[in-house]
>>> print(open('coords26.txt').read())   # compact mmCIF, C-alpha atoms
# COMPACT_ATOMS: atom_id res chain seq x y z
CA MET H 1 9.59 -1.75 -47.59
CA LEU H 2 6.51 0.15 -48.67
CA LEU H 3 5.13 -3.00 -50.31
CA SER H 4 5.62 -4.95 -47.06
CA GLU H 5 3.84 -2.28 -45.03
CA THR H 6 1.01 -2.20 -47.57
CA LYS H 7 0.55 -5.98 -47.33
CA SER H 8 0.63 -5.98 -43.49
CA ALA H 9 -1.95 -3.17 -43.19
CA PRO H 10 -5.00 -5.36 -44.01
CA ARG H 11 -3.76 -7.98 -41.55
CA LEU H 12 -3.47 -5.38 -38.80
CA LEU H 13 -6.93 -4.06 -39.70
CA THR H 14 -8.21 -7.61 -39.31
CA SER H 15 -7.06 -7.66 -35.65
CA TYR H 16 -8.93 -4.42 -34.99
CA LEU H 17 -12.14 -6.13 -36.09
CA ILE H 18 -11.44 -9.77 -35.27
CA MET H 19 -9.32 -10.47 -32.24
CA GLY H 20 -6.56 -12.91 -33.06
CA GLY H 21 -7.01 -12.41 -36.82
CA THR H 22 -3.45 -11.30 -37.47
CA GLN H 23 -2.08 -13.99 -35.16
CA LEU H 24 -3.96 -16.69 -37.04
CA THR H 25 -2.78 -15.46 -40.44
CA LYS H 26 0.80 -15.62 -39.15
CA ARG H 27 0.24 -19.17 -37.87
CA HIS H 28 0.14 -18.32 -34.16
CA TRP H 29 -2.65 -20.84 -33.75
CA VAL H 30 -2.79 -21.02 -29.94
CA LYS H 31 -2.68 -17.30 -29.24
CA GLY H 32 -4.99 -16.41 -32.10
CA SER H 33 -7.55 -19.10 -31.18
CA VAL H 34 -7.68 -17.99 -27.55
CA LEU H 35 -8.20 -14.34 -28.51
CA LEU H 36 -10.88 -15.27 -31.05
CA VAL H 37 -12.75 -17.42 -28.51
CA LEU H 38 -12.65 -14.59 -25.97
CA GLN H 39 -14.17 -12.21 -28.53
CA LEU H 40 -16.90 -14.70 -29.43
CA LEU H 41 -17.76 -15.14 -25.76
CA PHE H 42 -17.90 -11.36 -25.34
CA ILE H 43 -20.22 -11.01 -28.34
CA ALA H 44 -22.45 -13.78 -26.99
CA TYR H 45 -22.67 -12.03 -23.60
CA LEU H 46 -22.98 -8.52 -25.07
CA PRO H 47 -26.84 -8.29 -24.98
CA GLN H 48 -26.89 -9.36 -21.34
CA LEU H 49 -24.01 -6.99 -20.64
CA VAL H 50 -26.00 -4.04 -21.99
CA VAL H 51 -29.04 -5.00 -19.88
CA THR H 52 -26.87 -5.36 -16.77
CA LEU H 53 -25.22 -1.96 -17.26
CA LYS H 54 -28.64 -0.36 -17.77
CA GLY H 55 -29.71 -1.96 -14.48
CA LEU H 56 -26.67 -0.45 -12.78
CA ILE H 57 -27.77 2.99 -13.97
CA SER H 58 -31.45 2.63 -13.04
CA LEU H 59 -31.15 0.23 -10.04
CA GLY H 60 -34.54 -1.17 -11.01
CA ASP H 61 -37.91 0.17 -12.04
CA VAL H 62 -40.40 -2.40 -10.73
CA ALA H 63 -40.91 -2.71 -6.98
CA GLN H 64 -42.22 -5.79 -5.25
CA VAL H 65 -46.02 -5.94 -5.09
CA ARG H 66 -47.93 -7.83 -2.41
CA SER H 67 -51.61 -8.72 -2.79
CA GLY H 68 -52.75 -10.79 0.17
CA PHE H 69 -50.55 -13.87 0.22
CA ASN H 70 -49.48 -13.36 -3.37
CA VAL H 71 -46.15 -11.62 -3.90
CA THR H 72 -45.08 -10.35 -7.30
CA THR H 73 -41.29 -10.20 -7.39
CA GLY H 74 -39.79 -6.90 -8.48
CA ASP H 75 -36.27 -5.69 -9.14
CA ASN H 76 -33.64 -6.17 -6.45
CA SER H 77 -31.63 -2.97 -6.64
CA ILE H 78 -28.61 -4.27 -4.72
CA PHE H 79 -28.35 -7.39 -6.84
CA MET H 80 -28.49 -5.17 -9.91
CA LEU H 81 -25.74 -2.96 -8.49
CA VAL H 82 -23.49 -5.94 -7.76
CA GLU H 83 -24.15 -7.47 -11.18
CA GLY H 84 -23.44 -4.10 -12.77
CA VAL H 85 -20.06 -3.85 -11.04
CA ILE H 86 -19.23 -7.38 -12.19
CA ALA H 87 -20.21 -6.36 -15.72
CA LEU H 88 -17.93 -3.31 -15.52
CA VAL H 89 -15.03 -5.46 -14.37
CA TYR H 90 -15.75 -7.91 -17.19
CA LEU H 91 -15.83 -5.05 -19.70
CA PHE H 92 -12.58 -3.62 -18.35
CA LEU H 93 -10.80 -6.98 -18.58
CA PHE H 94 -12.06 -7.44 -22.15
CA LEU H 95 -10.78 -3.99 -23.12
CA CYS H 96 -7.38 -4.89 -21.65
CA THR H 97 -7.42 -8.10 -23.70
CA TYR H 98 -8.38 -6.16 -26.83
CA ILE H 99 -5.52 -3.70 -26.33
CA PHE H 100 -3.12 -6.62 -25.87
CA ASN H 101 -4.48 -8.13 -29.09
CA VAL H 102 -3.81 -4.95 -31.07
CA ARG H 103 -0.32 -4.45 -29.65
CA ASP H 104 0.59 -8.07 -30.21
CA ALA H 105 -0.65 -7.84 -33.82
CA HIS H 106 1.86 -5.05 -34.52
CA GLN H 107 4.69 -7.16 -33.14
CA CYS H 108 3.56 -10.46 -34.62
CA ILE H 109 5.83 -12.24 -37.08
CA ASN H 110 5.42 -15.52 -38.92
CA CYS H 111 5.60 -18.54 -36.62
CA ASN H 112 7.19 -21.81 -37.69
CA LEU H 113 6.52 -23.72 -34.45
CA ASN H 114 3.96 -26.48 -34.04
CA ILE H 115 1.15 -26.16 -31.49
CA ARG H 116 3.14 -27.81 -28.70
CA GLY H 117 6.08 -25.50 -29.39
CA GLN H 118 3.79 -22.46 -29.36
CA ILE H 119 2.35 -23.47 -25.98
CA LYS H 120 5.87 -23.86 -24.58
CA ALA H 121 6.92 -20.50 -26.03
CA ILE H 122 3.89 -18.75 -24.51
CA TYR H 123 4.59 -20.42 -21.15
CA ASP H 124 8.23 -19.33 -21.17
CA ASP H 125 7.49 -15.79 -22.35
CA LYS H 126 4.43 -15.15 -20.15
CA PHE H 127 5.40 -17.25 -17.14
CA ALA H 128 5.06 -14.40 -14.62
CA PHE H 129 1.70 -13.36 -16.07
CA ILE H 130 0.35 -16.93 -15.98
CA ILE H 131 1.47 -17.51 -12.39
CA LEU H 132 0.15 -14.17 -11.11
CA SER H 133 -3.18 -14.31 -12.96
CA PRO H 134 -5.04 -16.39 -10.31
CA ALA H 135 -3.88 -14.04 -7.54
CA PHE H 136 -4.82 -11.02 -9.65
CA LEU H 137 -8.32 -12.37 -10.36
CA ALA H 138 -8.78 -13.27 -6.70
CA SER H 139 -7.74 -9.73 -5.71
CA VAL H 140 -10.22 -8.26 -8.16
CA ALA H 141 -13.03 -10.52 -6.94
CA PHE H 142 -12.44 -10.33 -3.19
CA ILE H 143 -10.73 -6.95 -2.65
CA ILE H 144 -11.33 -4.48 -5.47
CA MET H 145 -14.95 -5.38 -6.25
CA PRO H 146 -16.18 -5.23 -2.62
CA ILE H 147 -14.50 -1.85 -2.20
CA VAL H 148 -16.10 -0.52 -5.41
CA ILE H 149 -19.52 -1.88 -4.39
CA THR H 150 -19.22 -0.34 -0.91
CA VAL H 151 -18.27 3.04 -2.38
CA LEU H 152 -21.18 2.92 -4.83
CA VAL H 153 -23.64 2.00 -2.06
CA SER H 154 -22.66 5.22 -0.26
CA PHE H 155 -24.15 7.13 -3.21
CA THR H 156 -27.56 5.44 -2.78
CA ASN H 157 -30.36 5.60 -0.21
CA TYR H 158 -29.95 1.93 0.76
CA ALA H 159 -31.25 2.06 4.33
CA SER H 160 -34.01 0.87 6.61
CA PRO H 161 -36.99 1.17 6.72
CA ASN H 162 -38.03 2.50 3.31
CA HIS H 163 -35.30 1.36 0.94
CA ILE H 164 -34.47 -2.25 1.73
CA PRO H 165 -34.69 -4.71 -1.21
CA PRO H 166 -36.44 -6.77 -2.36
CA LYS H 167 -39.52 -5.05 -0.93
CA ASN H 168 -38.38 -1.56 -1.93
CA LEU H 169 -36.19 -0.11 -4.64
CA VAL H 170 -32.94 1.74 -4.03
CA ASP H 171 -32.11 5.00 -5.84
CA TRP H 172 -28.98 6.97 -6.56
CA VAL H 173 -28.80 10.08 -4.34
CA GLY H 174 -25.35 11.40 -5.22
CA PHE H 175 -23.49 13.14 -2.39
CA LYS H 176 -26.57 13.53 -0.19
CA ASN H 177 -25.32 11.00 2.37
CA PHE H 178 -21.98 12.79 2.69
CA PHE H 179 -23.73 16.12 3.19
CA THR H 180 -25.93 14.50 5.83
CA LEU H 181 -22.93 12.98 7.59
CA PHE H 182 -21.13 16.32 7.91
CA GLU H 183 -24.01 18.83 8.08
CA LEU H 184 -26.50 17.24 10.50
CA LYS H 185 -25.25 17.75 14.06
CA ILE H 186 -26.31 14.31 15.32
CA TRP H 187 -24.35 12.58 12.54
CA SER H 188 -21.36 14.95 12.40
CA GLY H 189 -21.01 14.87 16.18
CA THR H 190 -21.05 11.08 16.19
CA PHE H 191 -18.56 10.79 13.35
CA SER H 192 -16.09 13.34 14.74
CA GLY H 193 -16.34 11.95 18.27
CA ILE H 194 -15.80 8.35 17.19
CA ALA H 195 -13.00 9.30 14.77
CA LEU H 196 -11.17 11.20 17.54
CA TRP H 197 -11.56 8.32 20.00
CA THR H 198 -10.42 5.84 17.33
CA ILE H 199 -7.16 7.75 16.91
CA GLU H 200 -6.72 8.11 20.68
CA TRP H 201 -7.40 4.40 21.16
CA ALA H 202 -5.03 3.30 18.39
CA VAL H 203 -2.19 5.54 19.57
CA SER H 204 -2.53 4.82 23.30
CA ALA H 205 -2.99 1.06 22.84
CA THR H 206 0.04 0.86 20.54
CA VAL H 207 2.37 3.05 22.62
CA LEU H 208 1.42 1.53 25.98
CA THR H 209 1.59 -2.02 24.66
CA CYS H 210 5.05 -1.42 23.25
CA GLY H 211 6.11 0.41 26.41
CA PHE H 212 4.95 -2.31 28.75
CA GLY H 213 6.53 -4.97 26.54
CA PHE H 214 9.74 -2.91 26.63
CA ILE H 215 9.70 -2.92 30.43
CA LEU H 216 9.21 -6.69 30.55
CA ALA H 217 12.02 -7.22 28.05
CA LEU H 218 14.39 -4.99 30.05
CA ALA H 219 13.47 -6.85 33.24
CA LEU H 220 14.30 -10.20 31.65
CA ASP H 221 17.54 -8.75 30.23
CA ASN H 222 18.71 -7.69 33.69
CA ARG H 223 21.58 -9.84 34.90
CA ASN H 224 20.33 -9.75 38.50
CA ILE H 225 17.01 -11.41 37.68
CA ARG H 226 16.90 -15.10 38.56
CA GLY H 227 14.68 -17.72 36.94
CA LYS H 228 14.42 -15.86 33.65
CA LYS H 229 12.96 -18.88 31.85
CA VAL H 230 10.16 -19.18 34.40
CA TRP H 231 9.35 -15.48 34.19
CA ARG H 232 9.46 -15.61 30.38
CA VAL H 233 6.88 -18.43 30.40
CA ILE H 234 4.65 -16.49 32.79
CA PHE H 235 4.88 -13.31 30.74
CA ILE H 236 4.08 -15.11 27.48
CA LEU H 237 0.92 -16.81 28.79
CA PRO H 238 -1.45 -13.91 27.92
CA TYR H 239 -0.21 -14.06 24.32
CA ALA H 240 -0.51 -17.85 24.18
CA ILE H 241 -4.23 -17.71 25.01
CA PRO H 242 -6.47 -16.75 22.04
CA ALA H 243 -7.28 -13.04 22.22
CA PHE H 244 -11.05 -13.48 21.95
CA VAL H 245 -10.99 -15.89 24.92
CA THR H 246 -9.02 -13.37 26.98
CA LEU H 247 -11.42 -10.56 26.09
CA LEU H 248 -14.50 -12.60 27.01
CA ILE H 249 -12.89 -13.64 30.31
CA PHE H 250 -12.12 -10.01 31.18
CA ARG H 251 -15.71 -9.10 30.26
CA LEU H 252 -16.97 -11.63 32.80
CA LEU H 253 -14.44 -10.57 35.42
CA LEU H 254 -15.07 -6.83 35.14
CA ASN H 255 -18.84 -6.55 34.74
CA GLY H 256 -20.96 -5.01 37.47
CA ILE H 257 -21.55 -8.24 39.38
CA GLY H 258 -18.38 -10.02 38.29
CA PRO H 259 -15.71 -11.57 40.51
CA VAL H 260 -13.58 -8.40 40.67
CA ASN H 261 -16.39 -6.19 41.98
CA SER H 262 -17.58 -8.98 44.28
CA LEU H 263 -14.08 -9.14 45.76
CA LEU H 264 -13.96 -5.35 46.16
CA ASN H 265 -17.35 -5.42 47.93
CA HIS H 266 -16.10 -8.21 50.20
CA TRP H 267 -13.15 -6.00 51.18
CA GLY H 268 -15.50 -3.10 51.91
CA PHE H 269 -14.97 -1.07 48.72
CA ASP H 270 -17.64 0.16 46.32
CA SER H 271 -18.04 -1.50 42.94
CA VAL H 272 -16.09 0.02 40.06
CA ALA H 273 -17.97 0.61 36.79
CA PHE H 274 -15.25 -0.91 34.63
CA LEU H 275 -17.53 -1.32 31.60
CA SER H 276 -20.37 1.13 32.28
CA ASP H 277 -18.58 4.39 33.09
CA PRO H 278 -17.46 6.22 29.91
CA VAL H 279 -13.98 7.19 31.11
CA ILE H 280 -13.23 4.01 33.05
CA ALA H 281 -14.51 1.86 30.15
CA LYS H 282 -12.03 3.54 27.78
CA ILE H 283 -9.20 3.00 30.26
CA THR H 284 -10.29 -0.61 30.65
CA VAL H 285 -10.22 -1.44 26.94
CA VAL H 286 -6.76 0.09 26.62
CA ALA H 287 -5.49 -1.79 29.68
CA VAL H 288 -6.86 -5.13 28.45
CA SER H 289 -5.34 -4.48 25.03
CA VAL H 290 -1.97 -3.90 26.70
CA TRP H 291 -2.37 -7.16 28.62
CA VAL H 292 -3.06 -9.06 25.41
CA GLY H 293 -0.39 -7.49 23.21
CA ALA H 294 2.54 -6.73 25.55
CA PRO H 295 4.03 -10.29 25.44
CA TYR H 296 4.46 -9.98 21.67
CA PHE H 297 6.54 -6.82 22.05
CA MET H 298 8.41 -8.41 24.96
CA LEU H 299 9.60 -11.20 22.68
CA LEU H 300 10.31 -8.82 19.81
CA ILE H 301 12.30 -6.38 21.94
CA SER H 302 14.12 -9.19 23.75
CA GLY H 303 15.42 -10.32 20.38
CA ALA H 304 16.37 -6.74 19.48
CA LEU H 305 18.30 -6.33 22.75
CA THR H 306 20.46 -9.36 21.99
CA ASN H 307 21.59 -7.62 18.78
CA ILE H 308 23.04 -4.64 20.64
CA SER H 309 26.77 -5.07 21.15
CA GLN H 310 27.96 -4.92 24.75
CA ASP H 311 30.98 -2.95 23.54
CA LEU H 312 28.73 0.09 23.15
CA TYR H 313 27.73 -0.04 26.82
CA GLU H 314 31.31 -0.59 27.94
CA ALA H 315 32.51 2.34 25.84
CA SER H 316 29.77 4.57 27.25
CA GLU H 317 30.72 3.61 30.81
CA VAL H 318 34.30 4.65 30.08
CA ASP H 319 32.94 8.01 28.89
CA GLY H 320 31.01 8.35 32.16
CA ALA H 321 27.46 7.62 30.96
CA ASN H 322 24.98 6.49 33.62
CA LYS H 323 22.29 3.81 33.15
CA PHE H 324 19.62 6.27 32.05
CA GLN H 325 21.91 7.84 29.46
CA GLN H 326 22.83 4.39 28.16
CA PHE H 327 19.16 3.56 27.80
CA TRP H 328 18.24 6.87 26.16
CA GLU H 329 21.18 7.11 23.77
CA ILE H 330 21.86 3.43 22.94
CA THR H 331 19.09 1.01 23.88
CA LEU H 332 16.01 3.02 22.93
CA PRO H 333 17.14 4.25 19.47
CA MET H 334 18.49 0.87 18.40
CA VAL H 335 15.41 -1.03 19.59
CA LEU H 336 12.98 1.43 18.00
CA HIS H 337 14.90 1.20 14.73
CA GLN H 338 14.23 -2.55 14.68
CA VAL H 339 10.62 -2.57 15.94
CA ALA H 340 9.37 0.48 13.99
CA PRO H 341 7.67 -1.64 11.26
CA SER H 342 5.90 -3.66 13.97
CA LEU H 343 4.73 -0.43 15.62
CA VAL H 344 3.20 0.76 12.35
CA MET H 345 1.57 -2.62 11.82
CA THR H 346 0.20 -2.67 15.39
CA PHE H 347 -1.20 0.84 15.00
CA SER H 348 -3.00 -0.21 11.82
CA LEU H 349 -4.32 -3.31 13.58
CA ASN H 350 -5.58 -1.33 16.57
CA PHE H 351 -7.19 1.28 14.34
CA ASN H 352 -9.50 -1.46 13.04
CA ASN H 353 -9.40 -3.76 16.08
CA PHE H 354 -13.03 -4.84 16.05
CA GLY H 355 -12.62 -7.69 18.52
CA ALA H 356 -10.89 -5.70 21.26
CA ILE H 357 -13.82 -3.29 21.50
CA PHE H 358 -16.83 -5.37 20.56
CA LEU H 359 -16.03 -8.47 22.62
CA LEU H 360 -15.25 -6.42 25.72
CA THR H 361 -17.78 -3.57 25.76
CA GLU H 362 -19.81 -3.90 22.52
CA GLY H 363 -19.10 -0.19 22.11
CA GLY H 364 -20.84 0.71 25.36
CA PRO H 365 -21.71 2.42 27.54
CA ILE H 366 -24.54 4.10 25.65
CA ASN H 367 -23.90 7.69 24.58
CA PRO H 368 -27.18 9.62 24.14
CA ASP H 369 -25.40 12.26 22.05
CA TYR H 370 -24.27 9.69 19.48
CA ARG H 371 -26.23 8.16 16.60
CA PHE H 372 -26.23 4.34 16.86
CA ALA H 373 -22.96 4.36 18.84
CA GLY H 374 -21.55 4.19 22.35
CA HIS H 375 -18.66 5.81 24.18
CA THR H 376 -16.06 3.14 23.32
CA ASP H 377 -17.15 2.50 19.74
CA ILE H 378 -14.44 2.96 17.13
CA LEU H 379 -15.13 3.49 13.44
CA ILE H 380 -15.20 -0.21 12.54
CA THR H 381 -17.62 -1.17 15.35
CA TRP H 382 -19.83 1.81 14.51
CA ILE H 383 -19.96 0.71 10.87
CA TYR H 384 -20.83 -2.81 12.05
CA LYS H 385 -23.76 -1.50 14.09
CA LEU H 386 -24.95 0.78 11.30
CA THR H 387 -25.08 -2.07 8.80
CA LEU H 388 -25.82 -5.26 10.74
CA ASP H 389 -27.97 -3.89 13.57
CA PHE H 390 -29.68 -0.84 12.10
CA GLN H 391 -29.42 -1.49 8.32
CA GLN H 392 -28.10 1.99 7.54
CA TYR H 393 -25.98 0.77 4.63
CA GLN H 394 -25.76 4.11 2.87
CA ILE H 395 -23.62 5.62 5.64
>>> encode(input="coords26.txt", output="structure tokens")
Amino acid sequence: MLLSETKSAPRLLTSYLIMGGTQLTKRHWVKGSVLLVLQLLFIAYLPQLVVTLKGLISLGDVAQVRSGFNVTTGDNSIFMLVEGVIALVYLFLFLCTYIFNVRDAHQCINCNLNIRGQIKAIYDDKFAFIILSPAFLASVAFIIMPIVITVLVSFTNYASPNHIPPKNLVDWVGFKNFFTLFELKIWSGTFSGIALWTIEWAVSATVLTCGFGFILALALDNRNIRGKKVWRVIFILPYAIPAFVTLLIFRLLLNGIGPVNSLLNHWGFDSVAFLSDPVIAKITVVAVSVWVGAPYFMLLISGALTNISQDLYEASEVDGANKFQQFWEITLPMVLHQVAPSLVMTFSLNFNNFGAIFLLTEGGPINPDYRFAGHTDILITWIYKLTLDFQQYQI
């Protein structure tokens, strides 16, 4: 036993220095070759990796220089930041591969399979890993990396007009932006006001949409209603039309000189500032959101109502329950139990519902007390304006 452990120790030491070394000595040709190639590629890229990581730390040292029509290209700080994050991800994945190499070396035994048999064995043993790898890499590239880059940008001074690459360099500023956001009144007031309205908007739009859809579903479920199929088609039309088309139509209908105000003027009433009065504009965006989303909940709740046994209602009538008590004690709890996940999903959607706000009001009307934001802006539309319109990327 001691002799066997003594002989295996150099082989294990080989895998610490040369990835796949132990696997190759035990005739795991496929696995060992792949690990060895990955290490060689890492070594080949190592000098560039060091330079890239240094660039992530410094974010560039040479600014762009312009002399007449001649422009001397300098360092692009944001490109260096992105490349640095990619390098960190690459380094992390290599370290994971190295750890796998070491663990596999401890468990490795002599292999008597040919290359085709080894490939089949790896496929059978690592099937889940092989199938999930593309999705994992896509998640890293398109979800994790953008989030990391966005978080890192918040620790820089990447903003117009003095720190926009490639003309100017960007520097690390630590938590300065966060202190600015919460300490300066103009920024803290904007953030707190928009955050509060975002919650109010998400809650009211979700509850009222579900409530109105509930009313429509109950109306269609009533036995005394005739032509249910016709009414169902009419009610579903707002949901059948693309939401962005509906929002743009309402924007045309409700603006100051739109058809609705023209009709009100024709009847002798004053125009209503649907989109330019702060309070009315907020009510308008909620009402339009209810119009767009209520048919979805109508269909969902109609399906939930069909799952409620009529025996429950008959038993409650025997016990003397009236219609309101039946609704409150039977219909409402059982429907909410089934639509609760959809309510949570709708709340999350409304919390970041860029289109509902931007296509209808563009965040307006203007609020002079806010920084780069209007009365109906929610957090996502404010971020859009900060970055795309005003180039305040650090916030």
>>> closest_residue(input="coords26.txt", among="H:Asn112, H:Asn76, H:Asn177, H:Asn101", to="H:Leu17", atoms="all atoms listed in the file")
H:Asn101
>>> residues_around(input="coords26.txt", residues="H:Leu152", least_positions_apart="6", cutoff="10 Å", atoms="all atoms listed in the file", output="ChimeraX atom specification")
/H:81-82,85,146,172,174,394
>>> residues_around(input="coords26.txt", residues="H:Met145", least_positions_apart="4", cutoff="8 Å", atoms="only C-alpha atoms", output="MDAnalysis selection string")
chainID H and resid 85:86 140:141 149
>>> closest_residue(input="coords26.txt", among="H:Asn70, H:Asn168, H:Thr97, H:Thr190", to="H:Met19", atoms="all atoms listed in the file")
H:Thr97
>>> residues_around(input="coords26.txt", residues="H:Val37", least_positions_apart="3", cutoff="12 Å", atoms="only C-alpha atoms", output="list in words")
Ile18, Met19, Gly20, Gly21, Trp29, Val30, Lys31, Gly32, Ser33, Val34, Leu40, Leu41, Phe42, Ile43, Ala44, Phe94 and Thr97 of chain H
>>> residues_around(input="coords26.txt", residues="H:Val51", least_positions_apart="3", cutoff="12 Å", atoms="all atoms listed in the file", output="number ranges by chain")
H: 45-48, 54-60, 80, 83-84, 87
>>> write_last_selection(input="coords26.txt", atoms="C-alpha atoms", output="PDB file, keeping the file's coordinate frame")
ATOM      1  CA  TYR H  45     -22.670 -12.030 -23.600  1.00  0.00           C
ATOM      2  CA  LEU H  46     -22.980  -8.520 -25.070  1.00  0.00           C
ATOM      3  CA  PRO H  47     -26.840  -8.290 -24.980  1.00  0.00           C
ATOM      4  CA  GLN H  48     -26.890  -9.360 -21.340  1.00  0.00           C
ATOM      5  CA  LYS H  54     -28.640  -0.360 -17.770  1.00  0.00           C
ATOM      6  CA  GLY H  55     -29.710  -1.960 -14.480  1.00  0.00           C
ATOM      7  CA  LEU H  56     -26.670  -0.450 -12.780  1.00  0.00           C
ATOM      8  CA  ILE H  57     -27.770   2.990 -13.970  1.00  0.00           C
ATOM      9  CA  SER H  58     -31.450   2.630 -13.040  1.00  0.00           C
ATOM     10  CA  LEU H  59     -31.150   0.230 -10.040  1.00  0.00           C
ATOM     11  CA  GLY H  60     -34.540  -1.170 -11.010  1.00  0.00           C
ATOM     12  CA  MET H  80     -28.490  -5.170  -9.910  1.00  0.00           C
ATOM     13  CA  GLU H  83     -24.150  -7.470 -11.180  1.00  0.00           C
ATOM     14  CA  GLY H  84     -23.440  -4.100 -12.770  1.00  0.00           C
ATOM     15  CA  ALA H  87     -20.210  -6.360 -15.720  1.00  0.00           C
TER      16      ALA H  87
END
>>> closest_residue(input="coords26.txt", among="H:Thr346, H:Thr198, H:Ser160, H:Asn352", to="H:Asp389", atoms="only C-alpha atoms")
H:Ser160
>>> residues_around(input="coords26.txt", residues="H:Ala202", least_positions_apart="6", cutoff="12 Å", atoms="only C-alpha atoms", output="VMD selection string")
chain H and resid 194 to 196 208 to 209 282 285 to 286 289 to 290 343 to 354 356 to 357 378 to 379
>>> write_last_selection(input="coords26.txt", atoms="C-alpha atoms", output="compact mmCIF listing (two decimals), in the coordinates of the input")
# COMPACT_ATOMS: atom_id res chain seq x y z
CA ILE H 194 -15.80 8.35 17.19
CA ALA H 195 -13.00 9.30 14.77
CA LEU H 196 -11.17 11.20 17.54
CA LEU H 208 1.42 1.53 25.98
CA THR H 209 1.59 -2.02 24.66
CA LYS H 282 -12.03 3.54 27.78
CA VAL H 285 -10.22 -1.44 26.94
CA VAL H 286 -6.76 0.09 26.62
CA SER H 289 -5.34 -4.48 25.03
CA VAL H 290 -1.97 -3.90 26.70
CA LEU H 343 4.73 -0.43 15.62
CA VAL H 344 3.20 0.76 12.35
CA MET H 345 1.57 -2.62 11.82
CA THR H 346 0.20 -2.67 15.39
CA PHE H 347 -1.20 0.84 15.00
CA SER H 348 -3.00 -0.21 11.82
CA LEU H 349 -4.32 -3.31 13.58
CA ASN H 350 -5.58 -1.33 16.57
CA PHE H 351 -7.19 1.28 14.34
CA ASN H 352 -9.50 -1.46 13.04
CA ASN H 353 -9.40 -3.76 16.08
CA PHE H 354 -13.03 -4.84 16.05
CA ALA H 356 -10.89 -5.70 21.26
CA ILE H 357 -13.82 -3.29 21.50
CA ILE H 378 -14.44 2.96 17.13
CA LEU H 379 -15.13 3.49 13.44
>>> closest_residue(input="coords26.txt", among="H:Asn110, H:Arg116, H:Met298, H:Gly374", to="H:Val279", atoms="only C-alpha atoms")
H:Gly374
>>> closest_residue(input="coords26.txt", among="H:Ile78, H:Ala294, H:Ile380, H:Ala321", to="H:Ile164", atoms="all atoms listed in the file")
H:Ile78
>>> atom_distance(input="coords26.txt", atom1="atom CA of H:Thr22", atom2="atom CA of H:Ile131")
26.3 Å
>>> build_atoms(input="coords26.txt", residues="stretch 385-394 of chain H", atoms="N, CA, C and O atoms", output="PDB file, keeping the file's coordinate frame")
ATOM      1  N   LYS H 385     -22.416  -1.738  13.537  1.00  0.00           N
ATOM      2  CA  LYS H 385     -23.760  -1.500  14.090  1.00  0.00           C
ATOM      3  C   LYS H 385     -24.675  -0.848  13.054  1.00  0.00           C
ATOM      4  O   LYS H 385     -25.857  -1.208  12.950  1.00  0.00           O
ATOM      5  N   LEU H 386     -24.138   0.111  12.310  1.00  0.00           N
ATOM      6  CA  LEU H 386     -24.950   0.780  11.300  1.00  0.00           C
ATOM      7  C   LEU H 386     -25.496  -0.200  10.280  1.00  0.00           C
ATOM      8  O   LEU H 386     -26.659  -0.107   9.860  1.00  0.00           O
ATOM      9  N   THR H 387     -24.683  -1.154   9.874  1.00  0.00           N
ATOM     10  CA  THR H 387     -25.080  -2.070   8.800  1.00  0.00           C
ATOM     11  C   THR H 387     -25.824  -3.284   9.332  1.00  0.00           C
ATOM     12  O   THR H 387     -26.926  -3.587   8.884  1.00  0.00           O
ATOM     13  N   LEU H 388     -25.236  -4.002  10.284  1.00  0.00           N
ATOM     14  CA  LEU H 388     -25.820  -5.260  10.740  1.00  0.00           C
ATOM     15  C   LEU H 388     -26.987  -5.067  11.690  1.00  0.00           C
ATOM     16  O   LEU H 388     -27.960  -5.828  11.649  1.00  0.00           O
ATOM     17  N   ASP H 389     -26.917  -4.077  12.574  1.00  0.00           N
ATOM     18  CA  ASP H 389     -27.970  -3.890  13.570  1.00  0.00           C
ATOM     19  C   ASP H 389     -29.074  -2.946  13.124  1.00  0.00           C
ATOM     20  O   ASP H 389     -30.249  -3.189  13.397  1.00  0.00           O
ATOM     21  N   PHE H 390     -28.695  -1.863  12.440  1.00  0.00           N
ATOM     22  CA  PHE H 390     -29.680  -0.840  12.100  1.00  0.00           C
ATOM     23  C   PHE H 390     -29.926  -0.685  10.606  1.00  0.00           C
ATOM     24  O   PHE H 390     -30.722   0.145  10.197  1.00  0.00           O
ATOM     25  N   GLN H 391     -29.213  -1.455   9.771  1.00  0.00           N
ATOM     26  CA  GLN H 391     -29.420  -1.490   8.320  1.00  0.00           C
ATOM     27  C   GLN H 391     -29.324  -0.105   7.681  1.00  0.00           C
ATOM     28  O   GLN H 391     -30.050   0.212   6.746  1.00  0.00           O
ATOM     29  N   GLN H 392     -28.366   0.683   8.150  1.00  0.00           N
ATOM     30  CA  GLN H 392     -28.100   1.990   7.540  1.00  0.00           C
ATOM     31  C   GLN H 392     -26.890   1.844   6.601  1.00  0.00           C
ATOM     32  O   GLN H 392     -25.806   2.362   6.846  1.00  0.00           O
ATOM     33  N   TYR H 393     -27.093   1.117   5.505  1.00  0.00           N
ATOM     34  CA  TYR H 393     -25.980   0.770   4.630  1.00  0.00           C
ATOM     35  C   TYR H 393     -25.423   1.961   3.881  1.00  0.00           C
ATOM     36  O   TYR H 393     -24.260   1.937   3.469  1.00  0.00           O
ATOM     37  N   GLN H 394     -26.225   2.989   3.687  1.00  0.00           N
ATOM     38  CA  GLN H 394     -25.760   4.110   2.870  1.00  0.00           C
ATOM     39  C   GLN H 394     -24.713   4.940   3.565  1.00  0.00           C
ATOM     40  O   GLN H 394     -23.921   5.633   2.925  1.00  0.00           O
TER      41      GLN H 394
END
